[in-house]
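Next comes coords22.cif, a file with mmCIF, C-alpha atoms.
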```cif
data_structure
#
loop_
_atom_site.label_atom_id
_atom_site.label_comp_id
_atom_site.auth_asym_id
_atom_site.auth_seq_id
_atom_site.Cartn_x
_atom_site.Cartn_y
_atom_site.Cartn_z
CA MET Y 231 67.92 -4.08 -1.43
CA THR Y 232 64.97 -1.88 -0.59
CA ARG Y 233 64.40 1.57 -1.99
CA PRO Y 234 64.09 4.46 0.38
CA PRO Y 235 60.54 5.82 0.63
CA ARG Y 236 59.74 8.69 -1.67
CA ALA Y 237 59.07 12.01 -0.09
CA LYS Y 238 55.53 13.28 -0.52
CA THR Y 239 55.28 16.43 -2.54
CA THR Y 240 52.65 18.99 -1.68
CA THR Y 241 51.45 21.69 -3.98
CA PRO Y 242 51.80 25.09 -2.36
CA PRO Y 243 48.54 27.01 -2.13
CA GLY Y 244 48.08 29.50 -4.88
CA PRO Y 245 47.14 33.13 -4.57
CA PRO Y 246 43.48 33.92 -3.81
CA PRO Y 247 41.26 34.35 -6.85
CA THR Y 248 41.04 37.83 -8.22
CA ALA Y 249 37.86 39.86 -8.40
CA ALA Y 250 37.59 39.19 -12.11
CA ALA Y 251 37.89 35.47 -11.53
CA ARG Y 252 35.26 35.62 -8.85
CA ALA Y 253 32.96 37.64 -11.11
CA GLY Y 254 33.38 35.15 -13.92
CA GLY Y 255 32.53 32.14 -11.78
CA GLN Y 256 29.18 31.04 -10.43
CA PRO Y 257 28.25 31.95 -6.83
CA ALA Y 258 28.21 29.13 -4.35
CA GLY Y 259 24.84 27.44 -3.91
CA ARG Y 260 23.46 28.62 -7.28
CA PRO Y 261 23.15 26.12 -10.11
CA ALA Y 262 25.25 26.82 -13.18
CA GLY Y 263 23.44 28.50 -16.00
CA ARG Y 264 20.77 30.21 -13.77
CA ARG Y 265 20.60 33.89 -13.04
CA GLY Y 266 18.47 36.00 -10.69
CA LEU Y 267 17.34 35.23 -7.15
CA SER Y 268 18.33 32.06 -5.34
CA TRP Y 269 15.60 29.57 -4.57
CA GLN Y 270 15.64 30.55 -0.90
CA ALA Y 271 14.96 34.19 -1.75
CA ALA Y 272 12.31 33.26 -4.32
CA GLU Y 273 10.57 31.07 -1.73
CA ALA Y 274 10.62 33.91 0.81
CA TRP Y 275 9.15 36.40 -1.67
CA ALA Y 276 6.47 33.87 -2.63
CA GLY Y 277 5.52 33.58 1.05
CA TYR Y 278 5.28 37.37 1.38
CA LEU Y 279 3.11 37.46 -1.73
CA PHE Y 280 0.69 34.88 -0.31
CA ILE Y 281 0.25 36.64 3.04
CA ALA Y 282 0.00 40.11 1.49
CA PRO Y 283 -3.83 40.05 1.00
CA VAL Y 284 -4.47 38.95 4.60
CA THR Y 285 -1.96 41.47 5.93
CA LEU Y 286 -3.55 44.26 3.90
CA PHE Y 287 -6.99 43.29 5.17
CA LEU Y 288 -5.81 43.29 8.81
CA VAL Y 289 -4.11 46.65 8.43
CA LEU Y 290 -7.08 48.34 6.73
CA PHE Y 291 -9.95 46.81 8.69
CA GLN Y 292 -8.41 45.85 12.04
CA PHE Y 293 -5.34 47.85 13.05
CA TYR Y 294 -6.21 51.16 11.40
CA PRO Y 295 -9.72 51.35 12.95
CA LEU Y 296 -8.20 50.62 16.37
CA VAL Y 297 -5.61 53.37 16.02
CA ARG Y 298 -8.15 55.77 14.52
CA GLY Y 299 -10.66 55.04 17.27
CA ALA Y 300 -8.03 55.60 19.97
CA TYR Y 301 -7.21 58.96 18.41
CA LEU Y 302 -10.87 59.99 18.09
CA SER Y 303 -11.40 59.13 21.76
CA MET Y 304 -9.11 62.06 22.58
CA THR Y 305 -11.03 64.56 20.47
CA GLU Y 306 -14.31 66.44 20.68
CA SER Y 307 -16.35 66.40 17.49
CA GLY Y 308 -18.66 69.15 16.38
CA PHE Y 309 -22.20 68.45 15.25
CA PHE Y 310 -21.44 69.60 11.69
CA GLY Y 311 -18.01 67.97 11.46
CA GLY Y 312 -14.53 68.88 12.55
CA SER Y 313 -12.80 67.88 15.77
CA GLU Y 314 -10.62 69.35 18.48
CA PHE Y 315 -7.97 67.45 20.42
CA THR Y 316 -8.90 67.34 24.11
CA GLY Y 317 -6.55 64.71 25.53
CA PHE Y 318 -8.07 62.51 28.23
CA ALA Y 319 -11.08 64.77 28.90
CA ASN Y 320 -13.49 62.19 27.46
CA TYR Y 321 -12.10 59.49 29.75
CA ALA Y 322 -12.52 61.76 32.77
CA ARG Y 323 -16.11 62.42 31.69
CA LEU Y 324 -16.76 58.71 31.26
CA ILE Y 325 -15.76 57.84 34.84
CA GLY Y 326 -18.68 59.74 36.34
CA ASP Y 327 -21.23 58.99 33.60
CA GLU Y 328 -24.13 57.00 35.07
CA ASP Y 329 -25.29 55.91 31.61
CA VAL Y 330 -21.93 54.30 30.88
CA LEU Y 331 -21.79 52.53 34.24
CA GLY Y 332 -25.35 51.30 33.79
CA ALA Y 333 -24.60 50.10 30.24
CA PHE Y 334 -21.59 48.10 31.40
CA ARG Y 335 -23.65 46.63 34.22
CA ASN Y 336 -26.38 45.59 31.77
CA SER Y 337 -23.80 44.06 29.42
CA LEU Y 338 -22.33 42.02 32.28
CA VAL Y 339 -25.80 40.83 33.31
CA TYR Y 340 -26.56 39.83 29.71
CA THR Y 341 -23.20 38.01 29.54
CA LEU Y 342 -24.02 36.03 32.70
CA ILE Y 343 -27.36 35.00 31.18
CA ILE Y 344 -25.56 33.80 28.03
CA LEU Y 345 -23.02 31.88 30.14
CA ALA Y 346 -25.90 30.21 31.99
CA GLY Y 347 -26.88 28.66 28.67
CA VAL Y 348 -23.51 26.90 28.28
CA PRO Y 349 -24.29 23.96 30.64
CA VAL Y 350 -27.72 23.69 29.02
CA ALA Y 351 -26.02 23.25 25.63
CA MET Y 352 -23.72 20.62 27.14
CA LEU Y 353 -26.64 18.59 28.54
CA ILE Y 354 -28.50 18.76 25.23
CA ALA Y 355 -25.38 17.58 23.39
CA VAL Y 356 -25.00 14.67 25.82
CA GLN Y 357 -28.59 13.62 25.18
CA LEU Y 358 -28.17 13.89 21.42
CA ASN Y 359 -25.04 11.74 21.64
CA LEU Y 360 -26.76 8.80 23.34
CA ARG Y 361 -26.46 5.46 21.59
CA GLY Y 362 -29.57 4.31 19.79
CA LEU Y 363 -31.25 7.72 19.76
CA ARG Y 364 -33.79 7.90 16.96
CA PHE Y 365 -34.07 10.96 14.69
CA ARG Y 366 -30.65 12.16 15.87
CA SER Y 367 -29.94 14.16 12.70
CA TRP Y 368 -33.38 15.77 12.81
CA TYR Y 369 -32.84 16.96 16.37
CA ARG Y 370 -29.48 18.46 15.44
CA VAL Y 371 -31.04 20.41 12.59
CA VAL Y 372 -33.81 21.70 14.86
CA PHE Y 373 -31.37 22.97 17.49
CA PHE Y 374 -29.09 24.53 14.87
CA LEU Y 375 -31.83 26.39 12.98
CA PRO Y 376 -31.78 29.51 15.24
CA VAL Y 377 -28.09 29.98 14.42
CA VAL Y 378 -28.80 30.61 10.74
CA VAL Y 379 -31.65 33.04 11.45
CA LEU Y 380 -30.66 36.69 11.09
CA PRO Y 381 -30.48 38.38 14.52
CA VAL Y 382 -32.63 41.28 13.33
CA ALA Y 383 -35.33 38.93 12.07
CA ALA Y 384 -35.17 36.92 15.31
CA GLY Y 385 -35.45 40.11 17.35
CA LEU Y 386 -38.51 41.28 15.43
CA VAL Y 387 -40.26 37.93 15.82
CA TRP Y 388 -39.51 37.64 19.52
CA SER Y 389 -40.56 41.24 20.15
CA THR Y 390 -43.96 40.20 18.81
CA VAL Y 391 -43.97 37.13 21.05
CA PHE Y 392 -43.25 39.27 24.13
CA ASN Y 393 -45.64 42.05 23.11
CA GLY Y 394 -47.79 43.11 26.04
CA GLU Y 395 -50.96 43.76 24.01
CA TYR Y 396 -51.28 40.96 21.47
CA GLY Y 397 -48.32 38.66 22.15
CA PRO Y 398 -48.91 34.89 22.38
CA ILE Y 399 -47.30 34.71 25.83
CA ASN Y 400 -49.87 37.04 27.38
CA ALA Y 401 -52.67 35.36 25.43
CA THR Y 402 -51.62 32.00 26.88
CA LEU Y 403 -51.44 33.41 30.40
CA GLU Y 404 -54.88 35.00 30.08
CA ALA Y 405 -56.30 31.71 28.82
CA VAL Y 406 -55.33 30.02 32.09
CA GLY Y 407 -56.54 32.91 34.25
CA LEU Y 408 -53.24 34.74 34.77
CA SER Y 409 -52.51 38.36 33.93
CA GLY Y 410 -49.78 39.24 31.52
CA ARG Y 411 -47.45 42.21 31.43
CA SER Y 412 -45.50 44.40 29.03
CA TRP Y 413 -42.40 42.24 29.05
CA LEU Y 414 -40.22 44.51 26.92
CA GLN Y 415 -41.41 47.76 28.50
CA ASP Y 416 -40.77 46.70 32.08
CA LYS Y 417 -37.19 47.28 33.24
CA SER Y 418 -37.40 44.27 35.57
CA THR Y 419 -38.03 41.82 32.70
CA ALA Y 420 -36.82 43.52 29.50
CA LEU Y 421 -33.15 42.58 29.80
CA LEU Y 422 -34.04 39.05 30.90
CA CYS Y 423 -36.19 38.58 27.79
CA VAL Y 424 -33.34 39.73 25.55
CA GLY Y 425 -30.98 37.37 27.37
CA LEU Y 426 -33.30 34.41 26.84
CA VAL Y 427 -33.47 35.18 23.13
CA GLY Y 428 -29.67 35.42 23.08
CA VAL Y 429 -29.41 31.97 24.67
CA TRP Y 430 -31.92 30.62 22.13
CA SER Y 431 -29.96 32.04 19.20
CA THR Y 432 -26.56 30.67 20.33
CA LEU Y 433 -27.67 27.34 21.78
CA GLY Y 434 -27.41 25.38 18.54
CA TYR Y 435 -23.87 26.55 17.79
CA ASN Y 436 -22.70 25.55 21.27
CA VAL Y 437 -24.47 22.18 20.97
CA VAL Y 438 -22.56 21.42 17.77
CA LEU Y 439 -19.26 22.28 19.48
CA PHE Y 440 -20.04 20.03 22.44
CA LEU Y 441 -21.08 17.23 20.10
CA ALA Y 442 -17.70 17.48 18.38
CA GLY Y 443 -16.02 17.28 21.78
CA LEU Y 444 -18.07 14.23 22.76
CA GLN Y 445 -16.94 12.42 19.63
CA SER Y 446 -13.33 12.69 20.82
CA ILE Y 447 -13.96 10.95 24.16
CA PRO Y 448 -12.93 7.26 23.96
CA ASN Y 449 -15.75 4.80 24.59
CA ASP Y 450 -13.32 2.67 26.59
CA LEU Y 451 -13.63 5.13 29.46
CA TYR Y 452 -17.39 4.65 29.65
CA ASP Y 453 -17.05 0.88 29.32
CA ALA Y 454 -14.55 0.78 32.17
CA ALA Y 455 -16.81 2.99 34.29
CA ALA Y 456 -19.77 0.70 33.61
CA ILE Y 457 -17.74 -2.33 34.70
CA ASP Y 458 -16.92 -0.53 37.95
CA GLY Y 459 -20.62 0.06 38.53
CA ALA Y 460 -20.81 3.75 37.62
CA GLY Y 461 -24.19 4.98 36.42
CA ARG Y 462 -24.99 7.64 33.83
CA TRP Y 463 -24.84 10.50 36.32
CA ARG Y 464 -21.51 9.31 37.73
CA SER Y 465 -20.06 8.90 34.22
CA LEU Y 466 -21.30 12.37 33.27
CA ARG Y 467 -19.72 13.96 36.33
CA SER Y 468 -16.41 12.02 36.32
CA ILE Y 469 -15.77 11.48 32.60
CA THR Y 470 -17.86 13.67 30.32
CA VAL Y 471 -17.58 17.00 32.11
CA PRO Y 472 -13.78 16.79 32.74
CA MET Y 473 -13.07 15.66 29.19
CA LEU Y 474 -15.20 18.48 27.77
CA THR Y 475 -13.43 21.24 29.71
CA PRO Y 476 -11.38 22.41 26.66
CA VAL Y 477 -14.59 22.83 24.65
CA THR Y 478 -16.30 24.47 27.62
CA PHE Y 479 -13.42 26.93 27.91
CA PHE Y 480 -13.60 27.81 24.21
CA VAL Y 481 -17.38 28.25 24.33
CA SER Y 482 -17.10 30.42 27.44
CA VAL Y 483 -14.48 32.73 25.93
CA THR Y 484 -16.35 33.20 22.65
CA SER Y 485 -19.65 33.66 24.50
CA VAL Y 486 -18.23 36.44 26.68
CA ILE Y 487 -16.72 38.25 23.69
CA THR Y 488 -19.93 37.98 21.67
CA ALA Y 489 -22.25 38.91 24.55
CA MET Y 490 -20.30 42.04 25.50
CA GLN Y 491 -20.72 43.28 21.91
CA MET Y 492 -24.44 42.55 21.60
CA PHE Y 493 -26.41 45.22 19.74
CA ASP Y 494 -28.88 43.84 17.21
CA LEU Y 495 -31.25 42.15 19.68
CA MET Y 496 -31.21 45.20 21.94
CA PHE Y 497 -32.00 47.49 19.03
CA THR Y 498 -34.84 45.42 17.55
CA MET Y 499 -36.46 44.27 20.80
CA ILE Y 500 -36.02 47.20 23.21
CA GLY Y 501 -34.57 50.09 21.23
CA VAL Y 502 -37.91 50.89 19.60
CA ALA Y 503 -41.43 49.81 20.42
CA ASN Y 504 -44.98 50.34 19.18
CA GLY Y 505 -44.10 51.19 15.60
CA GLY Y 506 -40.94 53.21 16.18
CA VAL Y 507 -41.73 54.98 19.46
CA ARG Y 508 -38.72 55.08 21.76
CA ASN Y 509 -38.97 52.48 24.53
CA PRO Y 510 -39.17 54.21 27.93
CA VAL Y 511 -36.94 51.61 29.59
CA ILE Y 512 -34.07 51.79 27.09
CA ASN Y 513 -31.87 53.87 29.40
CA ASP Y 514 -32.24 51.24 32.14
CA THR Y 515 -31.56 48.24 29.89
CA GLN Y 516 -29.21 49.45 27.14
CA THR Y 517 -25.91 47.67 26.59
CA VAL Y 518 -22.54 49.28 25.91
CA VAL Y 519 -22.70 48.90 22.14
CA TYR Y 520 -26.21 50.35 22.04
CA LEU Y 521 -24.98 53.32 24.09
CA PHE Y 522 -22.10 53.70 21.62
CA TYR Y 523 -24.63 53.73 18.76
CA ARG Y 524 -26.82 56.31 20.51
CA VAL Y 525 -23.96 58.65 21.40
CA GLY Y 526 -22.13 58.33 18.09
CA PHE Y 527 -24.94 58.20 15.54
CA ILE Y 528 -27.91 59.90 17.20
CA GLU Y 529 -26.20 62.52 19.37
CA ASN Y 530 -23.30 62.74 16.86
CA ASP Y 531 -20.65 62.89 19.60
CA ARG Y 532 -18.05 60.77 17.83
CA GLY Y 533 -15.22 61.53 20.23
CA TYR Y 534 -17.11 60.35 23.32
CA ALA Y 535 -18.52 57.36 21.41
CA SER Y 536 -14.96 56.35 20.48
CA THR Y 537 -14.01 56.59 24.14
CA ILE Y 538 -16.80 54.18 25.03
CA ALA Y 539 -15.63 51.79 22.31
CA VAL Y 540 -12.00 51.91 23.48
CA VAL Y 541 -13.02 51.18 27.07
CA LEU Y 542 -15.21 48.30 25.87
CA VAL Y 543 -12.27 46.78 24.00
CA ALA Y 544 -10.15 47.10 27.15
CA VAL Y 545 -12.84 45.45 29.31
CA VAL Y 546 -13.31 42.56 26.87
CA LEU Y 547 -9.55 42.07 26.69
CA LEU Y 548 -9.34 42.06 30.49
CA LEU Y 549 -12.13 39.49 30.82
CA THR Y 550 -10.48 37.28 28.21
CA LEU Y 551 -7.12 37.45 29.99
CA ILE Y 552 -8.79 36.54 33.29
CA GLN Y 553 -10.43 33.53 31.64
CA PHE Y 554 -7.12 32.39 30.17
CA ARG Y 555 -5.52 32.82 33.57
CA LEU Y 556 -8.17 30.80 35.39
CA GLN Y 557 -8.34 28.02 32.80
CA ARG Y 558 -5.11 26.54 34.18
CA ARG Y 559 -7.03 25.48 37.28
CA TRP Y 560 -9.98 23.70 35.74
CA VAL Y 561 -9.30 22.87 32.07
CA ASN Y 562 -8.03 19.34 31.48
CA TYR Y 563 -6.07 18.87 28.25
CA ALA Y 564 -5.16 15.22 28.93
#
```
Spell out the structure here as structure tokens.
Amino acid sequence: MTRPPRAKTTTPPGPPPTAAARAGGQPAGRPAGRRGLSWQAAEAWAGYLFIAPVTLFLVLFQFYPLVRGAYLSMTESGFFGGSEFTGFANYARLIGDEDVLGAFRNSLVYTLIILAGVPVAMLIAVQLNLRGLRFRSWYRVVFFLPVVVLPVAAGLVWSTVFNGEYGPINATLEAVGLSGRSWLQDKSTALLCVGLVGVWSTLGYNVVLFLAGLQSIPNDLYDAAAIDGAGRWRSLRSITVPMLTPVTFFVSVTSVITAMQMFDLMFTMIGVANGGVRNPVINDTQTVVYLFYRVGFIENDRGYASTIAVVLVAVVLLLTLIQFRLQRRWVNYA
């Protein structure tokens, strides 16, 4: 005789815990016996604490100067201090200012000269990366030395080299029967001389970047090209240059940004000449940042100088965006 199955008994759910019971218990997700913030909140506050110094630096020395400069560009400053809000009057004045247009044109010409040095740096890096090259480390040090030289010191030395009276360039030309010229006091050659010094001072840095890019190219590609009968020129054109396009893009962007803000070489080489006498060709060769310095610190027109700076930032941003837009067509990230 079998027993009938026993009915299962279920315990009816009790009433929800009271507020006192909830207060006396431990919150979910918090270990018993610990009080204060949960570990998620403590981790978040620790992250905020670590980024606080960088954030403070950016706010004080990056964002605030931008906002302050934008505000000053809409004011007119007096010679003895004080300012008056004028709206967009400075921008309207800037549109028809021949000095500003000439300064931007000179900055663009200087930038093109600097960009012309990028393929030169690539070719030098390719030569320094050749297998079996003797004194490789010594060559790298020689090309990188101009990078560590202070721009002001480099400008003073090169202004002596290009000096029209006692410079070594003119002395060399006269030794072979050619006549020299005042290179830095001739508006047809002054900006070119500054551009050549700019290429000299940045060449080593770009060479190091291209050398780093060459190290990332697999040797198997060159071995396969050699098996197919490709020579050095064919390998350079079909392998090296395409594989170095990311580095070329980075060098181009940084070169444009740096060249558009050039001031120190212009000041030391062309800004003054012959022991402090103002160079007569400075108005024809000055860059935007030198014009900003002249208007803001010599003429003491801070409002108009801020307008020039704001427009320069906008132009540099526009050029950078154009470069990022065009890089999709020629940069190979494979």
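This file gives the following result for the PyMOL selection byres ((chain Y and resi 344) around 9): Val339, Tyr340, Thr341, Leu342, Ile343, Leu345, Ala346, Gly347, Val348, Gly425, Leu426, Gly428, Val429, Thr432, Ser485, Val486 and Ala489 of chain Y.
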Using all atoms listed in the file, pick whichever of Y:Val438, Y:Val356, Y:Leu408, Y:Cys423 has the shortest atom-to-atom distance to Val377 in chain Y.
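Using all atoms listed in the file, the shortest distance to Val377 in chain Y belongs to Y:Val438.
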The residues within 8 Å of (-26.4, 48.2, 26.1), using all atoms listed in the file and the coordinates of the file, should be reported as a PyMOL selection string; which are they?
chain Y and resi 333-334+336-337+492-493+496+515-521
So which residues touch Ala322 in chain Y within 12 Å, counting all atoms listed in the file, skipping near sequence neighbours fewer than 2 positions away, as a list in words?
Ser303, Met304, Thr316, Gly317, Phe318, Ala319, Asn320, Leu324, Ile325, Gly326, Asp327, Tyr534, Thr537 and Ile538 of chain Y
State, in Å with one decimal place, the distance from CA of Gln491 in chain Y to CA of Ser536 in chain Y.
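One can read the CA of Gln491 in chain Y to CA of Ser536 in chain Y distance as 14.4 Å.
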